$ cat coords24.pdb   # PDB, C-alpha atoms
MODEL        1
ATOM      1  CA  MET A 252      87.563 179.323 221.078
ATOM      2  CA  LYS A 253      89.493 177.439 223.745
ATOM      3  CA  ILE A 254      92.007 174.752 222.816
ATOM      4  CA  LEU A 255      93.014 172.590 225.755
ATOM      5  CA  LEU A 256      96.375 170.820 225.448
ATOM      6  CA  VAL A 257      96.644 167.930 227.898
ATOM      7  CA  GLN A 258      99.931 166.310 228.810
ATOM      8  CA  ASN A 259     101.281 163.872 231.363
ATOM      9  CA  SER A 260     104.217 165.387 233.241
ATOM     10  CA  GLN A 261     105.573 161.880 233.894
ATOM     11  CA  VAL A 262     106.268 161.068 230.223
ATOM     12  CA  PRO A 263     109.657 161.497 228.447
ATOM     13  CA  SER A 264     110.574 164.951 227.110
ATOM     14  CA  ALA A 265     109.892 163.879 223.489
ATOM     15  CA  PHE A 266     106.190 163.841 224.404
ATOM     16  CA  SER A 267     106.188 167.196 226.191
ATOM     17  CA  ILE A 268     104.341 170.187 224.807
ATOM     18  CA  LEU A 269     106.736 173.127 224.673
ATOM     19  CA  PRO A 270     106.238 176.908 224.266
ATOM     20  CA  LYS A 271     107.217 176.621 220.576
ATOM     21  CA  HIS A 272     104.306 174.200 220.066
ATOM     22  CA  ILE A 273     101.831 176.611 221.657
ATOM     23  CA  LYS A 274     103.148 179.429 219.440
ATOM     24  CA  ALA A 275     102.686 177.243 216.352
ATOM     25  CA  ILE A 276      99.023 176.665 217.253
ATOM     26  CA  GLU A 277      98.416 180.332 218.057
ATOM     27  CA  LYS A 278      99.903 181.249 214.681
ATOM     28  CA  VAL A 279      97.100 179.320 212.940
ATOM     29  CA  SER A 280      94.464 181.504 214.600
ATOM     30  CA  LYS A 281      94.930 184.432 216.964
ATOM     31  CA  LYS A 282      91.299 184.030 218.028
ATOM     32  CA  CYS A 283      92.075 180.721 219.722
ATOM     33  CA  LYS A 284      92.953 180.651 223.423
ATOM     34  CA  VAL A 285      95.506 177.879 223.934
ATOM     35  CA  VAL A 286      95.761 176.419 227.440
ATOM     36  CA  LEU A 287      98.283 173.796 228.562
ATOM     37  CA  VAL A 288      97.305 171.602 231.530
ATOM     38  CA  ASP A 289      98.551 168.458 233.187
ATOM     39  CA  VAL A 290      96.203 165.503 232.980
ATOM     40  CA  THR A 291      95.611 165.765 236.744
ATOM     41  CA  LYS A 292      93.962 169.172 236.143
ATOM     42  CA  LEU A 293      91.903 168.128 233.105
ATOM     43  CA  SER A 294      88.499 168.142 234.831
ATOM     44  CA  GLU A 295      89.031 171.710 236.070
ATOM     45  CA  HIS A 296      89.398 173.079 232.533
ATOM     46  CA  LEU A 297      87.124 170.815 230.497
ATOM     47  CA  ALA A 298      83.809 172.651 230.925
ATOM     48  CA  ASP A 299      84.587 175.533 228.538
ATOM     49  CA  ALA A 300      86.972 173.769 226.138
ATOM     50  CA  ASP A 301      86.015 173.643 222.451
ATOM     51  CA  ILE A 302      88.964 171.532 221.292
ATOM     52  CA  LEU A 303      91.025 168.984 223.173
ATOM     53  CA  LEU A 304      94.473 167.600 222.316
ATOM     54  CA  VAL A 305      95.136 164.542 224.473
ATOM     55  CA  PRO A 306      97.346 161.421 224.640
ATOM     56  CA  SER A 307      95.444 158.250 223.757
ATOM     57  CA  SER A 308      96.343 156.746 227.142
ATOM     58  CA  MET A 309      94.449 159.578 228.850
ATOM     59  CA  ILE A 310      91.332 159.601 226.715
ATOM     60  CA  GLY A 311      89.463 157.400 229.187
ATOM     61  CA  LYS A 312      89.759 160.206 231.743
ATOM     62  CA  ILE A 313      87.614 162.552 229.662
ATOM     63  CA  ASN A 314      84.199 162.942 231.264
ATOM     64  CA  THR A 315      82.066 164.384 228.480
ATOM     65  CA  LYS A 316      79.281 165.126 230.984
ATOM     66  CA  LYS A 317      81.500 167.869 232.400
ATOM     67  CA  SER A 318      81.973 169.367 228.965
ATOM     68  CA  LYS A 319      79.372 171.805 227.684
ATOM     69  CA  ILE A 320      80.831 172.767 224.308
ATOM     70  CA  LEU A 321      83.497 170.188 223.413
ATOM     71  CA  LYS A 322      83.390 169.687 219.646
ATOM     72  CA  TRP A 323      86.682 168.038 218.686
ATOM     73  CA  ILE A 324      89.277 165.725 220.263
ATOM     74  CA  HIS A 325      92.686 165.271 218.651
ATOM     75  CA  VAL A 326      94.583 162.209 219.862
ATOM     76  CA  THR A 327      98.374 162.372 219.911
ATOM     77  CA  SER A 328      98.770 158.796 218.646
ATOM     78  CA  ALA A 329      97.831 157.140 215.361
ATOM     79  CA  GLY A 330      95.739 154.412 217.008
ATOM     80  CA  VAL A 331      92.355 155.274 218.512
ATOM     81  CA  ASN A 332      90.935 151.803 219.107
ATOM     82  CA  ASN A 333      90.366 152.516 222.819
ATOM     83  CA  LEU A 334      87.728 155.240 222.534
ATOM     84  CA  PRO A 335      85.171 155.160 225.403
ATOM     85  CA  GLU A 336      81.545 154.448 224.546
ATOM     86  CA  GLN A 337      80.451 157.923 225.672
ATOM     87  CA  ILE A 338      82.707 159.503 223.042
ATOM     88  CA  LEU A 339      81.829 156.995 220.316
ATOM     89  CA  LYS A 340      78.127 157.790 220.742
ATOM     90  CA  SER A 341      78.634 161.548 220.870
ATOM     91  CA  ASP A 342      78.844 164.114 218.064
ATOM     92  CA  ILE A 343      82.406 164.974 219.054
ATOM     93  CA  ILE A 344      84.824 164.901 216.090
ATOM     94  CA  ILE A 345      87.854 162.651 216.537
ATOM     95  CA  THR A 346      91.153 163.097 214.702
ATOM     96  CA  ASN A 347      94.347 161.125 215.177
ATOM     97  CA  SER A 348      98.042 161.763 214.602
ATOM     98  CA  SER A 349      98.467 159.345 211.730
ATOM     99  CA  GLY A 350     101.596 160.483 209.940
ATOM    100  CA  VAL A 351     103.682 160.951 213.092
ATOM    101  CA  HIS A 352     105.202 157.457 212.902
ATOM    102  CA  PRO A 353     106.353 156.589 209.352
ATOM    103  CA  ILE A 354     110.020 157.598 209.668
ATOM    104  CA  PRO A 355     110.913 155.911 212.999
ATOM    105  CA  ILE A 356     108.764 152.825 212.389
ATOM    106  CA  ALA A 357     110.094 152.279 208.861
ATOM    107  CA  GLU A 358     113.620 152.550 210.222
ATOM    108  CA  GLN A 359     112.807 150.020 212.955
ATOM    109  CA  VAL A 360     111.361 147.589 210.409
ATOM    110  CA  PHE A 361     114.661 147.698 208.545
ATOM    111  CA  THR A 362     116.522 147.279 211.819
ATOM    112  CA  TYR A 363     114.734 143.938 212.338
ATOM    113  CA  MET A 364     115.328 142.894 208.747
ATOM    114  CA  LEU A 365     119.023 143.746 208.745
ATOM    115  CA  MET A 366     119.543 142.103 212.135
ATOM    116  CA  PHE A 367     118.095 138.890 210.721
ATOM    117  CA  ALA A 368     120.018 139.200 207.473
ATOM    118  CA  ARG A 369     123.369 139.791 209.196
ATOM    119  CA  ASN A 370     122.589 137.404 212.090
ATOM    120  CA  ILE A 371     123.183 140.126 214.671
ATOM    121  CA  ASN A 372     121.262 138.120 217.289
ATOM    122  CA  GLN A 373     124.024 135.507 217.110
ATOM    123  CA  ALA A 374     126.700 138.184 217.413
ATOM    124  CA  ILE A 375     125.012 139.638 220.525
ATOM    125  CA  LYS A 376     124.737 136.175 222.062
ATOM    126  CA  SER A 377     128.408 135.441 221.307
ATOM    127  CA  LYS A 378     129.445 138.761 222.857
ATOM    128  CA  ALA A 379     127.542 137.932 226.062
ATOM    129  CA  GLU A 380     129.322 134.550 226.157
ATOM    130  CA  ARG A 381     132.710 136.140 225.251
ATOM    131  CA  LYS A 382     132.926 133.631 222.423
ATOM    132  CA  TRP A 383     134.672 134.491 219.158
ATOM    133  CA  LEU A 384     132.972 132.900 216.154
ATOM    134  CA  ALA A 385     134.727 132.423 212.853
ATOM    135  CA  HIS A 386     133.111 134.246 209.968
ATOM    136  CA  TYR A 387     132.001 130.980 208.329
ATOM    137  CA  GLU A 388     129.971 130.139 211.452
ATOM    138  CA  PHE A 389     127.532 132.959 210.699
ATOM    139  CA  ASN A 390     124.557 132.186 208.471
ATOM    140  CA  VAL A 391     123.841 135.438 206.682
ATOM    141  CA  PHE A 392     121.973 136.661 203.628
ATOM    142  CA  GLU A 393     121.274 139.890 201.769
ATOM    143  CA  VAL A 394     118.124 141.995 201.897
ATOM    144  CA  HIS A 395     119.033 143.198 198.399
ATOM    145  CA  GLY A 396     116.681 141.677 195.829
ATOM    146  CA  LYS A 397     114.335 140.079 198.353
ATOM    147  CA  THR A 398     110.533 140.454 198.255
ATOM    148  CA  ILE A 399     108.831 142.421 201.005
ATOM    149  CA  GLY A 400     105.078 142.128 201.549
ATOM    150  CA  ILE A 401     103.530 145.099 203.339
ATOM    151  CA  VAL A 402     100.090 144.384 204.793
ATOM    152  CA  GLY A 403      98.288 147.651 205.469
ATOM    153  CA  PHE A 404      99.350 150.371 203.068
ATOM    154  CA  GLY A 405      98.879 153.654 204.875
ATOM    155  CA  ARG A 406     101.526 156.280 205.553
ATOM    156  CA  ILE A 407     103.798 153.806 207.375
ATOM    157  CA  GLY A 408     103.507 151.239 204.608
ATOM    158  CA  GLU A 409     104.357 153.885 202.028
ATOM    159  CA  LYS A 410     107.524 154.857 203.920
ATOM    160  CA  ILE A 411     108.610 151.218 204.270
ATOM    161  CA  ALA A 412     108.099 150.765 200.526
ATOM    162  CA  GLN A 413     110.244 153.840 199.803
ATOM    163  CA  LEU A 414     113.132 152.485 201.899
ATOM    164  CA  SER A 415     112.698 149.020 200.363
ATOM    165  CA  LYS A 416     113.436 150.389 196.908
ATOM    166  CA  ALA A 417     116.744 151.775 198.199
ATOM    167  CA  PHE A 418     117.651 148.112 198.890
ATOM    168  CA  ASN A 419     116.484 147.073 195.422
ATOM    169  CA  MET A 420     113.691 144.961 196.903
ATOM    170  CA  LYS A 421     110.540 143.794 195.159
ATOM    171  CA  VAL A 422     107.608 145.393 196.966
ATOM    172  CA  PHE A 423     104.125 143.888 197.308
ATOM    173  CA  GLY A 424     101.365 145.665 199.209
ATOM    174  CA  VAL A 425      97.910 144.901 200.588
ATOM    175  CA  THR A 426      95.332 147.686 200.648
ATOM    176  CA  LYS A 427      91.800 147.712 202.030
ATOM    177  CA  THR A 428      90.375 149.007 198.763
ATOM    178  CA  LYS A 429      91.601 148.248 195.265
ATOM    179  CA  ARG A 430      94.140 150.658 193.759
ATOM    180  CA  ASN A 431      95.464 150.549 190.223
ATOM    181  CA  SER A 432      98.952 151.635 191.209
ATOM    182  CA  GLN A 433     101.057 152.877 194.096
ATOM    183  CA  LYS A 434     104.431 154.584 194.147
ATOM    184  CA  ASN A 435     107.329 152.242 195.020
ATOM    185  CA  VAL A 436     105.113 149.148 194.781
ATOM    186  CA  ASP A 437     105.539 146.389 192.197
ATOM    187  CA  ARG A 438     102.200 144.698 192.835
ATOM    188  CA  LEU A 439      99.097 145.511 194.860
ATOM    189  CA  PHE A 440      96.599 143.117 196.425
ATOM    190  CA  THR A 441      93.390 143.542 198.379
ATOM    191  CA  LEU A 442      92.912 141.764 201.699
ATOM    192  CA  LYS A 443      91.025 138.889 200.073
ATOM    193  CA  ASP A 444      94.184 138.042 198.101
ATOM    194  CA  LEU A 445      96.467 138.221 201.144
ATOM    195  CA  ASP A 446      97.516 134.565 200.724
ATOM    196  CA  LYS A 447      99.141 135.402 197.376
ATOM    197  CA  LEU A 448     101.314 138.031 199.035
ATOM    198  CA  LEU A 449     102.193 135.723 201.942
ATOM    199  CA  SER A 450     103.377 132.890 199.712
ATOM    200  CA  ALA A 451     105.592 135.197 197.633
ATOM    201  CA  SER A 452     107.241 137.308 200.362
ATOM    202  CA  ASP A 453     110.571 136.897 202.132
ATOM    203  CA  PHE A 454     109.502 139.452 204.724
ATOM    204  CA  VAL A 455     105.874 140.009 205.746
ATOM    205  CA  ILE A 456     105.291 143.341 207.485
ATOM    206  CA  SER A 457     101.999 143.898 209.305
ATOM    207  CA  CYS A 458     101.017 147.552 209.615
ATOM    208  CA  LEU A 459      97.362 146.785 210.300
ATOM    209  CA  PRO A 460      95.190 148.604 212.850
ATOM    210  CA  GLY A 461      93.383 146.698 215.581
ATOM    211  CA  THR A 462      89.778 146.270 214.416
ATOM    212  CA  ARG A 463      87.153 143.520 214.386
ATOM    213  CA  GLU A 464      88.080 142.743 210.806
ATOM    214  CA  THR A 465      91.784 142.326 211.572
ATOM    215  CA  TYR A 466      91.464 140.450 214.902
ATOM    216  CA  HIS A 467      93.704 137.333 214.773
ATOM    217  CA  LEU A 468      94.025 137.717 211.012
ATOM    218  CA  PHE A 469      97.465 136.180 211.271
ATOM    219  CA  ASP A 470      96.791 132.670 212.534
ATOM    220  CA  LYS A 471      98.198 129.197 211.854
ATOM    221  CA  ASN A 472      96.600 129.133 208.407
ATOM    222  CA  LYS A 473      98.222 132.418 207.394
ATOM    223  CA  PHE A 474     101.632 131.426 208.763
ATOM    224  CA  SER A 475     101.417 128.132 206.885
ATOM    225  CA  MET A 476     101.018 130.129 203.657
ATOM    226  CA  MET A 477     104.382 131.814 204.170
ATOM    227  CA  LYS A 478     107.755 130.539 202.995
ATOM    228  CA  LYS A 479     109.680 128.509 205.570
ATOM    229  CA  SER A 480     112.503 130.999 205.040
ATOM    230  CA  ALA A 481     110.250 134.024 205.623
ATOM    231  CA  TYR A 482     110.263 136.487 208.514
ATOM    232  CA  PHE A 483     107.149 138.054 210.057
ATOM    233  CA  ILE A 484     107.348 141.595 211.435
ATOM    234  CA  ASN A 485     104.505 143.245 213.356
ATOM    235  CA  ILE A 486     104.542 146.973 214.030
ATOM    236  CA  GLY A 487     100.748 147.392 213.720
ATOM    237  CA  ARG A 488      98.629 146.028 216.550
ATOM    238  CA  GLY A 489      99.133 142.902 218.661
ATOM    239  CA  SER A 490      95.474 141.916 218.347
ATOM    240  CA  THR A 491      95.993 141.153 214.633
ATOM    241  CA  VAL A 492      98.076 138.084 215.553
ATOM    242  CA  ASP A 493      97.053 134.857 217.267
ATOM    243  CA  GLU A 494     100.116 134.740 219.511
ATOM    244  CA  LYS A 495      99.804 131.027 220.299
ATOM    245  CA  ASP A 496      99.769 130.226 216.590
ATOM    246  CA  LEU A 497     102.769 132.499 216.017
ATOM    247  CA  ILE A 498     104.755 130.766 218.764
ATOM    248  CA  SER A 499     103.828 127.401 217.258
ATOM    249  CA  ALA A 500     104.899 128.541 213.774
ATOM    250  CA  LEU A 501     108.231 129.813 215.102
ATOM    251  CA  GLY A 502     108.913 126.731 217.212
ATOM    252  CA  GLY A 503     107.833 124.347 214.462
ATOM    253  CA  LYS A 504     109.978 126.102 211.830
ATOM    254  CA  ILE A 505     106.906 126.971 209.760
ATOM    255  CA  ILE A 506     108.494 130.416 209.415
ATOM    256  CA  LYS A 507     112.097 131.457 209.983
ATOM    257  CA  GLY A 508     111.702 134.233 212.548
ATOM    258  CA  ALA A 509     109.788 137.266 213.789
ATOM    259  CA  GLY A 510     110.435 140.884 214.737
ATOM    260  CA  LEU A 511     107.740 142.039 217.156
ATOM    261  CA  ASP A 512     107.037 145.472 218.586
ATOM    262  CA  VAL A 513     103.398 144.881 219.587
ATOM    263  CA  PHE A 514     101.652 142.067 221.451
ATOM    264  CA  GLU A 515      98.182 140.780 222.332
ATOM    265  CA  LYS A 516      98.696 141.762 225.960
ATOM    266  CA  GLU A 517     101.142 144.476 226.966
ATOM    267  CA  PRO A 518     103.442 144.334 228.802
ATOM    268  CA  LEU A 519     104.308 140.906 227.402
ATOM    269  CA  MET A 520     103.841 138.307 230.139
ATOM    270  CA  PRO A 521     107.125 137.071 231.705
ATOM    271  CA  ASP A 522     106.182 133.447 230.979
ATOM    272  CA  SER A 523     105.698 134.013 227.235
ATOM    273  CA  ALA A 524     107.746 131.622 225.096
ATOM    274  CA  LEU A 525     108.638 134.554 222.846
ATOM    275  CA  TRP A 526     111.191 135.796 225.398
ATOM    276  CA  THR A 527     113.450 132.765 225.006
ATOM    277  CA  MET A 528     113.236 132.150 221.258
ATOM    278  CA  ASP A 529     116.521 132.767 219.426
ATOM    279  CA  ASN A 530     114.682 133.503 216.160
ATOM    280  CA  VAL A 531     112.649 136.363 217.665
ATOM    281  CA  ILE A 532     113.542 140.021 218.163
ATOM    282  CA  LEU A 533     111.368 141.792 220.741
ATOM    283  CA  THR A 534     110.969 145.510 221.372
ATOM    284  CA  PRO A 535     108.570 147.036 223.954
ATOM    285  CA  HIS A 536     106.154 148.859 221.621
ATOM    286  CA  ASN A 537     108.728 151.580 220.987
ATOM    287  CA  ALA A 538     109.002 151.522 217.179
ATOM    288  CA  GLY A 539     107.296 154.909 216.932
ATOM    289  CA  LEU A 540     109.574 156.578 219.465
ATOM    290  CA  THR A 541     111.451 159.616 218.169
ATOM    291  CA  PRO A 542     112.823 162.833 219.682
ATOM    292  CA  PHE A 543     110.689 164.683 217.124
ATOM    293  CA  TYR A 544     107.401 163.072 218.190
ATOM    294  CA  MET A 545     105.582 166.101 219.594
ATOM    295  CA  ASP A 546     106.944 168.396 216.878
ATOM    296  CA  ARG A 547     105.233 166.194 214.295
ATOM    297  CA  VAL A 548     102.031 165.834 216.346
ATOM    298  CA  ILE A 549     101.665 169.603 216.542
ATOM    299  CA  ASP A 550     102.312 169.968 212.794
ATOM    300  CA  ILE A 551      99.553 167.419 212.133
ATOM    301  CA  PHE A 552      97.207 169.106 214.609
ATOM    302  CA  CYS A 553      97.780 172.513 213.006
ATOM    303  CA  GLU A 554      96.934 171.162 209.547
ATOM    304  CA  ASN A 555      93.677 169.760 210.945
ATOM    305  CA  LEU A 556      92.977 173.005 212.812
ATOM    306  CA  LYS A 557      93.311 174.984 209.575
ATOM    307  CA  ALA A 558      90.824 172.642 207.902
ATOM    308  CA  TYR A 559      88.457 172.802 210.886
ATOM    309  CA  LEU A 560      88.423 176.598 210.974
ATOM    310  CA  SER A 561      87.902 176.715 207.201
ATOM    311  CA  LYS A 562      85.132 174.100 207.453
ATOM    312  CA  LYS A 563      87.026 171.790 205.111
ATOM    313  CA  LEU A 564      87.595 168.047 205.315
ATOM    314  CA  MET A 565      90.068 167.342 208.121
ATOM    315  CA  PRO A 566      92.946 165.153 206.857
ATOM    316  CA  ASN A 567      93.098 163.027 210.029
ATOM    317  CA  LEU A 568      89.375 162.583 210.609
ATOM    318  CA  VAL A 569      88.620 159.233 212.284
ATOM    319  CA  ASP A 570      85.682 157.056 211.267
ATOM    320  CA  LYS A 571      84.316 156.004 214.664
ATOM    321  CA  LYS A 572      82.713 152.897 213.210
ATOM    322  CA  LEU A 573      85.920 151.665 211.577
ATOM    323  CA  GLY A 574      88.156 152.744 214.452
ATOM    324  CA  TYR A 575      90.687 154.588 212.269
TER     325      TYR A 575
ENDMDL
END

$ encode --input "coords24.pdb" --output "structure tokens"
Amino acid sequence: MKILLVQNSQVPSAFSILPKHIKAIEKVSKKCKVVLVDVTKLSEHLADADILLVPSSMIGKINTKKSKILKWIHVTSAGVNNLPEQILKSDIIITNSSGVHPIPIAEQVFTYMLMFARNINQAIKSKAERKWLAHYEFNVFEVHGKTIGIVGFGRIGEKIAQLSKAFNMKVFGVTKTKRNSQKNVDRLFTLKDLDKLLSASDFVISCLPGTRETYHLFDKNKFSMMKKSAYFINIGRGSTVDEKDLISALGGKIIKGAGLDVFEKEPLMPDSALWTMDNVILTPHNAGLTPFYMDRVIDIFCENLKAYLSKKLMPNLVDKKLGY
């Protein structure tokens, strides 16, 4: 059995596949031949590959017509909403790396929240202007005791909830299917009751994937349901937000502010009003970045490889119809 590991030599070292990663895969099964190739050499090795580990940005380069025995593709990101039609219609199994992001993304969510709470944006602006502000000129508040609404309660949502309890926050969560209870959550809602969560939350965190069901879910109607003092944070997918409506809500003081890591179109266009808004924190889709990224991807892949070889349910199996 041949496992083909594909990497882009141009990416940062955190995304590089190292000898220790190959050894970890070989340890799962000595019968597997593990081959590391650069994406530029993918077509030369694809014909006899059984399993493929590939970055999501490179998945469009996979020509399944050149593959005779490819059975499984593991994507090194959590999101797989860009799968080509030829793969969607095939019998090839798709798994993702959901579980790689919870720690860095949860920490980034709290970075946004604490920056808003302590008015760090104002401090950064004052530093750039070399202007000393008296302490009473800062409008600040405490995260302690506030209500956080987490929309999309997968692994990332669970980690955010865990950290929220360390700040003594009240935690509300939205799940796709009804659950009776969830650790670190005070109240659960389904998507149809999203408005109840929005109206009660001081921070609304979107962890939603980009699907047909979630497209532009957050529009002017949803923002109008939120408190005027509330902050919206999106670390899910940019397609879940109607960006024009968000800009209008921020400019019209319908909501207090936003922390955004993802956008409808990336890179964010230079003429976007979001760049110049004082009540917005922008990051370039880097919330999941961590020096331990590939270590965690390989751990996740190995768990799925064990299940695959044992003919058991793979923990990261993707439903092609749902897109996650």

$ residues_near_point --input "coords24.pdb" --point "(102.7, 154.5, 211.1)" --cutoff "9 Å" --atoms "only C-alpha atoms" --output "ChimeraX atom specification"
/A:329,349-357,405-408,410,458,486-487,539

$ residues_near_point --input "coords24.pdb" --point "(88.6, 155.5, 224.6)" --cutoff "7 Å" --atoms "all atoms listed in the file" --output "mmCIF file with C-alpha atoms, in the frame of the given file"
data_model
loop_
_atom_site.group_PDB
_atom_site.id
_atom_site.type_symbol
_atom_site.label_atom_id
_atom_site.label_comp_id
_atom_site.auth_asym_id
_atom_site.auth_seq_id
_atom_site.Cartn_x
_atom_site.Cartn_y
_atom_site.Cartn_z
ATOM 1 C CA ILE A 310 91.332 159.601 226.715
ATOM 2 C CA GLY A 311 89.463 157.400 229.187
ATOM 3 C CA ASN A 333 90.366 152.516 222.819
ATOM 4 C CA LEU A 334 87.728 155.240 222.534
ATOM 5 C CA PRO A 335 85.171 155.160 225.403
#

$ resolve_selection --input "coords24.pdb" --expression "the PyMOL selection byres ((chain A and resi 271-274) around 9)" --output "list in words"
Leu256, Ile268, Leu269, Pro270, Ala275, Ile276, Glu277, Lys278, Val279, Val285, Val286, Leu287, Met545, Asp546, Ile549 and Asp550 of chain A

$ resolve_selection --input "coords24.pdb" --expression "the PyMOL selection byres ((chain A and resi 433-446) around 10)" --output "PyMOL selection string"
chain A and resi 398-404+409-417+420-432+447-451+465+472-477

$ resolve_selection --input "coords24.pdb" --expression "the PyMOL selection byres ((chain A and resi 312) around 12)" --output "CSV table (one decimal) with C-alpha atoms, in the frame of the given file"
chain,number,residue,atom,x,y,z
A,257,VAL,CA,96.6,167.9,227.9
A,290,VAL,CA,96.2,165.5,233.0
A,291,THR,CA,95.6,165.8,236.7
A,292,LYS,CA,94.0,169.2,236.1
A,293,LEU,CA,91.9,168.1,233.1
A,294,SER,CA,88.5,168.1,234.8
A,297,LEU,CA,87.1,170.8,230.5
A,305,VAL,CA,95.1,164.5,224.5
A,306,PRO,CA,97.3,161.4,224.6
A,307,SER,CA,95.4,158.2,223.8
A,308,SER,CA,96.3,156.7,227.1
A,309,MET,CA,94.4,159.6,228.8
A,310,ILE,CA,91.3,159.6,226.7
A,311,GLY,CA,89.5,157.4,229.2
A,313,ILE,CA,87.6,162.6,229.7
A,314,ASN,CA,84.2,162.9,231.3
A,315,THR,CA,82.1,164.4,228.5
A,316,LYS,CA,79.3,165.1,231.0
A,317,LYS,CA,81.5,167.9,232.4
A,333,ASN,CA,90.4,152.5,222.8
A,334,LEU,CA,87.7,155.2,222.5
A,335,PRO,CA,85.2,155.2,225.4
A,337,GLN,CA,80.5,157.9,225.7
A,338,ILE,CA,82.7,159.5,223.0

$ closest_residue --input "coords24.pdb" --among "A:Lys504, A:Lys557, A:Lys284, A:Lys479" --to "Phe454 (chain A)" --atoms "all atoms listed in the file"
A:Lys479

$ atom_distance --input "coords24.pdb" --atom1 "CA of Ala538 (chain A)" --atom2 "CA of Lys572 (chain A)"
26.6 Å

$ closest_residue --input "coords24.pdb" --among "A:Tyr466, A:Phe389, A:Phe552, A:Phe514" --to "Thr491 (chain A)" --atoms "only C-alpha atoms"
A:Tyr466

$ residues_around --input "coords24.pdb" --residues "Trp383 (chain A)" --least-positions-apart "4" --cutoff "9 Å" --atoms "only C-alpha atoms" --output "list of chain:residue names"
A:Ala374, A:Ser377, A:Lys378

$ atom_distance --input "coords24.pdb" --atom1 "CA of Leu540 (chain A)" --atom2 "CA of Leu519 (chain A)"
18.3 Å

$ residues_around --input "coords24.pdb" --residues "Lys471 (chain A)" --least-positions-apart "4" --cutoff "10 Å" --atoms "all atoms listed in the file" --output "PyMOL selection string"
chain A and resi 467+475-476+492-500+505

$ closest_residue --input "coords24.pdb" --among "A:Ser318, A:Asn530, A:Ser280, A:Asn419" --to "Leu556 (chain A)" --atoms "only C-alpha atoms"
A:Ser280

$ axis_aligned_box --input "coords24.pdb" --around "region 319-323 of chain A" --padding-each-side "8 Å" --output "lines of an AutoDock Vina configuration file"
center_x = 83.0
center_y = 170.4
center_z = 223.2
size_x = 23.3
size_y = 20.7
size_z = 25.0

$ atom_distance --input "coords24.pdb" --atom1 "CA of His296 (chain A)" --atom2 "CA of Phe543 (chain A)"
27.6 Å

$ residues_around --input "coords24.pdb" --residues "Asn537 (chain A)" --least-positions-apart "4" --cutoff "9 Å" --atoms "all atoms listed in the file" --output "PyMOL selection string"
chain A and resi 356+512-513+541

$ closest_atom_pairs --input "coords24.pdb" --of "region 334-452 of chain A" --to "region 565-569 of chain A" --cutoff "7 Å" --atoms "only C-alpha atoms" --output "JSON lines"
{"residue": "A:Ile345", "atom": "CA", "partner": "A:Val569", "partner_atom": "CA", "distance": 5.5}
{"residue": "A:Thr346", "atom": "CA", "partner": "A:Leu568", "partner_atom": "CA", "distance": 4.5}
{"residue": "A:Asn347", "atom": "CA", "partner": "A:Asn567", "partner_atom": "CA", "distance": 5.6}
{"residue": "A:Ser348", "atom": "CA", "partner": "A:Asn567", "partner_atom": "CA", "distance": 6.9}
{"residue": "A:Ser349", "atom": "CA", "partner": "A:Asn567", "partner_atom": "CA", "distance": 6.7}
